[in-house]
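Structure record follows, encoded as structure tokens.
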Amino acid sequence: MAITLTNCENDLLDEKPMTNSFSEQGKNGLIQTGKIKEFENLNLYLQELKSRDNFLSRSSIEDDYGFSILSDHNIYMYADSITTTYTLGIERDNQNTFGFSNLIVEFSNENATNAYILNYVPSQEYLNSYVANNNVPFQGVVNYEPIDYDGSLDNLNERRTCKSITLTFCNYGGETHAAGENCTADFMFDVTYDICYDSNSGEPLNESIDPPSGNSSGGGSSNSNPTNPLPTDTCQGSNGDIGLTGSDGNCYNADVITLADQLNAILGEGESFEFIENNTNNDLLNFDSIEAFIAFLNEINNSSEGTSSSSTTLDGQTVRTEVIKINSFPEVFFNVQFILTSPEEDVTEDYSVSNINSSITGIVLLSSWEETLDEPLVETIEDQIVIEIQGEMTFGIEIFDVPINVIKKYTCIIKVNKNTGITEFKWFYENAQ
């Protein structure tokens with residue numbers, strides 16, 4: 001990530017030399033905040049968008065890119081002699097529970113109107129400071145998504161396409177913070193960050209942002225677009241830390257952000273998790289740390305001990321039940337049941353299996369099992385009938401008082417001797433192996 005520091009005193013204003021008479025009390029003429037309806041150009045632009053394709057509740061651009069503009073939130077405007085840039089709070093249809101998103105719209109006297117989305121995941125330090133002072137410099141991770149893509153990224157040889165965004169800071173009194181409308185211009189300076197987009201995969205690239213330590217000056221960027229982050233609704237969690245209000249009304253802070261990162265690190269391809277919204281069920285597996293949950297998963301993986309095998313006769317058929325103990329605390333068992341046909345009952349010379357079903361039993365609470373293949377795989381390899389069952393285990397868990405559903409993929413292998421009908425091998429393990 002490239003960073004350019006630019007002093008607004010030299011580049012944007014014909015300023016008088018800085019004197020001790022300046023204070024953070026007045027208007028700087030560059031920055032304004034307020035509701036959308038207070039900004040004529042922006043309001044007309046958004047109304048034009050909403051009129052396209054007869055969208056009544058939101059504009060076509062909102063519908064195409066899956067977001068709604070939060071018209072009841074303040075916006076941030078930065079204007080110089082060439083461009084006027086607006087920062088608007090938005091709610092994504094698939095909004096990251098631990099982040100917030102802003103729509104940036106730039107009007108230029110020299111170029112066409114430009115718009116894009118910045119997605120932020122803030123640090124806990126930033127959230128705690130933001131409530132007391134909403135001009136605190138942003139800390140956390142940000143990525144950029146283009147809007148109204150015009151084909152300029154078609155060259156797949158260029159992996160990264162970047163947008164330079166400028167955050168404007170104020171250094172009055174030796175303390176650096178985000179510049180507000182009351183910041184005297186002599187104390188303002190810009191930091192330009194290059195936020196990039198992967199044009200090969202079509203995915204945003206997360207970039208970390210740390211606030212500057214003080215005022216500095218340097219070269220500017222012709223593709224710079226001044227903005228400052230506008231978090232959506234903040235809230236206070238049970239531990240006193242500030243968080244962001246999720247779509248479920250719950251308060252999520254950086255502990256949960258860290259938890260999400262840790263869960264992503266232990267999940268393989270096709271595995272996932274989701275935070276349970278409006279949870280009213282207490283039947284969850286409770287863990288006091290992510291490490292305790294990992295230990296629980298490690299015991300389930302490579303399970304082959306504590307097994308049992310039994311057979312019963314039902315409607316003249318032999319029903320075999322194979323049980324594998326996949327966890328000891330709480331006790332959870334994986335069960336495979338199938339019909340075992342002996343040579344005496346069939347014209348073939350070997351045993352055969354059919355009607356294979358699987359399930360979990362024990363203290364499963366909100367856990368569940370679902371097979372992912374249309375039917376289990378069965379093949380004969382030398383003297384063994386090999387049964388392979390693939391599926392997903394959903395665990396209803398709670399970590400840091402946060403209810404979560406975690407979906408992991410597993411495979412079970414059962415090997416039955418085709419000559420004797422005796423089960424010789426059982427194994428339950430993660431698909432990732």
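Every chain in the structure tokens has a letter given in the order shown (A, B, ...), and although residue numbers restart at 1 in each chain, ligands are simply numbered from 1 in the order shown.
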Give me the residues near Ile104 in chain A as a PyMOL selection string, where near means some atom within 9 Å (using only C-alpha atoms) and where sequence neighbours in that chain fewer than 4 positions away do not count.
chain A and resi 85-88+114-118+225+227
Expected file: the selected residues, C-alpha atoms, as a PDB file, in the first residue's frame:
ATOM      1  CA  THR A  85     -16.206  14.533  -3.079  1.00  0.00           C
ATOM      2  CA  TYR A  86     -19.032  13.197  -0.920  1.00  0.00           C
ATOM      3  CA  THR A  87     -18.753  10.311   1.556  1.00  0.00           C
ATOM      4  CA  LEU A  88     -22.071   8.614   2.396  1.00  0.00           C
ATOM      5  CA  ASN A 114     -16.936   8.856 -10.288  1.00  0.00           C
ATOM      6  CA  ALA A 115     -18.316   6.516  -7.625  1.00  0.00           C
ATOM      7  CA  TYR A 116     -16.951   3.571  -5.635  1.00  0.00           C
ATOM      8  CA  ILE A 117     -17.384   1.744  -2.327  1.00  0.00           C
ATOM      9  CA  LEU A 118     -14.932   1.492   0.571  1.00  0.00           C
ATOM     10  CA  ASN A 225     -10.262  11.475  -3.722  1.00  0.00           C
ATOM     11  CA  THR A 227     -12.754  11.120   2.145  1.00  0.00           C
TER      12      THR A 227
END
Enter the distance from CA of Glu371 in chain A to CA of Leu284 in chain A, in Å, rounded to one decimal.
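It comes out at 22.0 Å.
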Mind checking which residues fall within 6 Å of Ile414 in chain A, counting only C-alpha atoms, ignoring those fewer than 2 positions away in the same chain, and posting them as a compact mmCIF listing (two decimals) with C-alpha atoms, in the first residue's frame?
# COMPACT_ATOMS: atom_id res chain seq x y z
CA VAL A 386 -15.35 -50.10 1.14
CA ILE A 387 -18.15 -47.72 2.17
CA PHE A 425 -11.97 -50.95 9.70
CA LYS A 426 -13.76 -47.72 10.71
Need the shell around Ser368 in chain A: protein/DNA/RNA residues with any atom at most 8 Å away, counting only C-alpha atoms. Skip same-chain ones fewer than 4 positions apart. Format as a tab-separated table (two decimals) with N, CA and C atoms, in the first residue's frame?
chain	number	residue	atom	x	y	z
A	360	ILE	N	-25.78	-38.79	13.66
A	360	ILE	CA	-25.03	-38.57	14.89
A	360	ILE	C	-25.98	-38.68	16.07
A	364	VAL	N	-25.75	-33.98	21.27
A	364	VAL	CA	-25.51	-33.23	20.03
A	364	VAL	C	-25.99	-31.78	20.13
A	393	MET	N	-20.98	-31.46	9.11
A	393	MET	CA	-21.40	-31.39	10.50
A	393	MET	C	-21.58	-29.93	10.87
A	394	THR	N	-22.75	-29.58	11.35
A	394	THR	CA	-23.01	-28.23	11.82
A	394	THR	C	-22.97	-28.23	13.34
A	395	PHE	N	-22.09	-27.41	13.91
A	395	PHE	CA	-21.96	-27.30	15.35
A	395	PHE	C	-22.58	-25.99	15.83
Hey, what does DSSP flag as alpha helix (DSSP H) within range 226-334 of chain A? Can you give it to me as a PDB file with C-alpha atoms, in the first residue's frame?
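That gives us part-v3.pdb:
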ATOM      1  CA  ALA A 254     -13.267  -6.306  17.945  1.00  0.00           C
ATOM      2  CA  ASP A 255     -13.316  -9.491  20.056  1.00  0.00           C
ATOM      3  CA  VAL A 256     -15.849 -10.818  17.587  1.00  0.00           C
ATOM      4  CA  ILE A 257     -13.786  -9.531  14.669  1.00  0.00           C
ATOM      5  CA  THR A 258     -10.791 -11.464  16.009  1.00  0.00           C
ATOM      6  CA  LEU A 259     -13.003 -14.515  16.526  1.00  0.00           C
ATOM      7  CA  ALA A 260     -14.134 -14.361  12.891  1.00  0.00           C
ATOM      8  CA  ASP A 261     -10.524 -14.222  11.713  1.00  0.00           C
ATOM      9  CA  GLN A 262      -9.621 -17.219  13.907  1.00  0.00           C
ATOM     10  CA  LEU A 263     -12.575 -19.247  12.640  1.00  0.00           C
ATOM     11  CA  ASN A 264     -11.686 -18.481   9.028  1.00  0.00           C
ATOM     12  CA  ALA A 265      -8.152 -19.725   9.736  1.00  0.00           C
ATOM     13  CA  ILE A 266      -9.338 -23.195  10.825  1.00  0.00           C
ATOM     14  CA  ILE A 290     -11.091 -20.557  20.204  1.00  0.00           C
ATOM     15  CA  GLU A 291      -8.305 -22.891  21.357  1.00  0.00           C
ATOM     16  CA  ALA A 292     -10.812 -24.986  23.311  1.00  0.00           C
ATOM     17  CA  PHE A 293     -12.981 -25.297  20.210  1.00  0.00           C
ATOM     18  CA  ILE A 294      -9.957 -26.320  18.126  1.00  0.00           C
ATOM     19  CA  ALA A 295      -9.145 -29.031  20.697  1.00  0.00           C
ATOM     20  CA  PHE A 296     -12.739 -30.247  20.377  1.00  0.00           C
ATOM     21  CA  LEU A 297     -12.398 -30.444  16.582  1.00  0.00           C
ATOM     22  CA  ASN A 298      -9.031 -32.194  16.844  1.00  0.00           C
ATOM     23  CA  GLU A 299     -10.594 -34.998  18.884  1.00  0.00           C
ATOM     24  CA  ILE A 300     -13.342 -35.468  16.299  1.00  0.00           C
TER      25      ILE A 300
END
Between CA of Pro376 in chain A and CA of Ile389 in chain A, distance in Å (one decimal)
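So the answer is 4.9 Å.
Proximity to Asp288 in chain A was assessed for A:Phe189, A:Ile399, A:Pro231, A:Thr318 counting only C-alpha atoms; the smallest distance is recorded for A:Ile399.
In this model, the gap between CA of Leu285 in chain A and CA of Glu322 in chain A comes to 25.3 Å.
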With a distance cut-off of 12 Å and only C-alpha atoms, select the neighbouring residues of Ile90 in chain A, excluding the residue or stretch itself and same-chain residues fewer than 6 positions from it, and output the selection as JSON, numbers by chain.
{"A": [58, 62, 65, 66, 67, 68, 69, 70, 71, 72, 73, 74, 75, 96, 99, 100, 101, 102, 103, 104, 116, 117, 118, 119, 120, 229, 230, 231, 232, 233]}
How would the residues just picked look written out with C-alpha atoms as a tab-separated table (two decimals), in the first residue's frame?
chain	number	residue	atom	x	y	z
A	58	ARG	CA	-33.62	2.71	-3.97
A	62	GLU	CA	-27.97	0.63	-5.19
A	65	TYR	CA	-24.39	-3.29	-6.24
A	66	GLY	CA	-26.49	-4.45	-3.29
A	67	PHE	CA	-26.57	-1.51	-0.89
A	68	SER	CA	-28.88	1.15	0.50
A	69	ILE	CA	-27.82	4.73	1.24
A	70	LEU	CA	-28.39	5.69	4.89
A	71	SER	CA	-30.14	8.98	4.25
A	72	ASP	CA	-30.61	9.66	7.96
A	73	HIS	CA	-26.84	9.63	8.61
A	74	ASN	CA	-24.53	12.59	8.22
A	75	ILE	CA	-22.39	12.75	5.11
A	96	ASN	CA	-19.94	-7.58	7.14
A	99	GLY	CA	-17.50	-3.51	9.53
A	100	PHE	CA	-19.14	-0.62	7.77
A	101	SER	CA	-19.19	0.65	4.20
A	102	ASN	CA	-19.13	4.08	2.59
A	103	LEU	CA	-20.13	5.20	-0.90
A	104	ILE	CA	-17.76	7.80	-2.36
A	116	TYR	CA	-16.95	3.57	-5.64
A	117	ILE	CA	-17.38	1.74	-2.33
A	118	LEU	CA	-14.93	1.49	0.57
A	119	ASN	CA	-15.49	-1.36	3.06
A	120	TYR	CA	-13.94	-0.84	6.50
A	229	PRO	CA	-14.65	7.05	7.17
A	230	LEU	CA	-18.25	7.35	8.39
A	231	PRO	CA	-19.06	4.41	10.69
A	232	THR	CA	-22.67	3.29	10.92
A	233	ASP	CA	-24.46	2.92	14.26
Enumerate as a ChimeraX atom specification all residues of range 268-376 of chain A assigned to strand (DSSP E) by DSSP on the backbone, naming them with the chain letters and numbers the document uses.
/A:272-275,285-287,308-314,317-328,331-341,352-362,368-371
How would the residues just chosen look if you wrote them out with C-alpha atoms as a PDB file, in the first residue's frame?
ATOM      1  CA  SER A 272     -18.183 -21.863   6.759  1.00  0.00           C
ATOM      2  CA  PHE A 273     -19.608 -20.221   9.855  1.00  0.00           C
ATOM      3  CA  GLU A 274     -22.373 -17.755  10.620  1.00  0.00           C
ATOM      4  CA  PHE A 275     -23.300 -15.814  13.714  1.00  0.00           C
ATOM      5  CA  LEU A 285     -21.717 -26.118  23.037  1.00  0.00           C
ATOM      6  CA  ASN A 286     -19.940 -23.519  25.168  1.00  0.00           C
ATOM      7  CA  PHE A 287     -16.199 -22.876  24.772  1.00  0.00           C
ATOM      8  CA  SER A 308     -19.028 -50.844  18.485  1.00  0.00           C
ATOM      9  CA  SER A 309     -20.689 -53.113  15.934  1.00  0.00           C
ATOM     10  CA  SER A 310     -24.047 -54.845  16.177  1.00  0.00           C
ATOM     11  CA  SER A 311     -26.478 -56.719  13.937  1.00  0.00           C
ATOM     12  CA  THR A 312     -30.222 -57.257  14.138  1.00  0.00           C
ATOM     13  CA  THR A 313     -32.759 -59.011  11.932  1.00  0.00           C
ATOM     14  CA  LEU A 314     -35.563 -56.885  10.513  1.00  0.00           C
ATOM     15  CA  GLN A 317     -32.830 -58.933   6.589  1.00  0.00           C
ATOM     16  CA  THR A 318     -29.637 -58.422   8.576  1.00  0.00           C
ATOM     17  CA  VAL A 319     -29.244 -54.771   9.636  1.00  0.00           C
ATOM     18  CA  ARG A 320     -25.694 -53.852  10.673  1.00  0.00           C
ATOM     19  CA  THR A 321     -25.034 -50.789  12.855  1.00  0.00           C
ATOM     20  CA  GLU A 322     -21.509 -49.404  13.147  1.00  0.00           C
ATOM     21  CA  VAL A 323     -20.814 -46.782  15.822  1.00  0.00           C
ATOM     22  CA  ILE A 324     -17.749 -44.519  16.130  1.00  0.00           C
ATOM     23  CA  LYS A 325     -17.263 -42.377  19.209  1.00  0.00           C
ATOM     24  CA  ILE A 326     -16.092 -39.089  17.693  1.00  0.00           C
ATOM     25  CA  ASN A 327     -15.926 -37.023  20.902  1.00  0.00           C
ATOM     26  CA  SER A 328     -15.704 -37.852  24.596  1.00  0.00           C
ATOM     27  CA  GLU A 331     -20.101 -37.623  24.100  1.00  0.00           C
ATOM     28  CA  VAL A 332     -20.966 -37.655  20.396  1.00  0.00           C
ATOM     29  CA  PHE A 333     -21.274 -40.788  18.249  1.00  0.00           C
ATOM     30  CA  PHE A 334     -21.328 -41.265  14.492  1.00  0.00           C
ATOM     31  CA  ASN A 335     -23.609 -44.094  13.370  1.00  0.00           C
ATOM     32  CA  VAL A 336     -23.685 -45.959  10.067  1.00  0.00           C
ATOM     33  CA  GLN A 337     -26.483 -48.429   9.399  1.00  0.00           C
ATOM     34  CA  PHE A 338     -26.811 -50.699   6.363  1.00  0.00           C
ATOM     35  CA  ILE A 339     -28.337 -53.976   5.191  1.00  0.00           C
ATOM     36  CA  LEU A 340     -25.776 -56.778   5.013  1.00  0.00           C
ATOM     37  CA  THR A 341     -26.716 -59.536   2.594  1.00  0.00           C
ATOM     38  CA  SER A 352     -22.952 -57.173  -0.151  1.00  0.00           C
ATOM     39  CA  VAL A 353     -24.263 -53.966   1.436  1.00  0.00           C
ATOM     40  CA  SER A 354     -27.222 -51.708   0.599  1.00  0.00           C
ATOM     41  CA  ASN A 355     -29.551 -49.061   2.088  1.00  0.00           C
ATOM     42  CA  ILE A 356     -26.751 -47.165   3.834  1.00  0.00           C
ATOM     43  CA  ASN A 357     -27.728 -44.379   6.266  1.00  0.00           C
ATOM     44  CA  SER A 358     -25.731 -42.244   8.694  1.00  0.00           C
ATOM     45  CA  SER A 359     -26.499 -40.046  11.704  1.00  0.00           C
ATOM     46  CA  ILE A 360     -25.027 -38.575  14.894  1.00  0.00           C
ATOM     47  CA  THR A 361     -26.258 -39.324  18.401  1.00  0.00           C
ATOM     48  CA  GLY A 362     -25.262 -38.444  21.951  1.00  0.00           C
ATOM     49  CA  SER A 368     -26.478 -31.835  13.103  1.00  0.00           C
ATOM     50  CA  TRP A 369     -25.193 -34.059  10.283  1.00  0.00           C
ATOM     51  CA  GLU A 370     -26.151 -34.005   6.613  1.00  0.00           C
ATOM     52  CA  GLU A 371     -24.744 -36.187   3.834  1.00  0.00           C
TER      53      GLU A 371
END
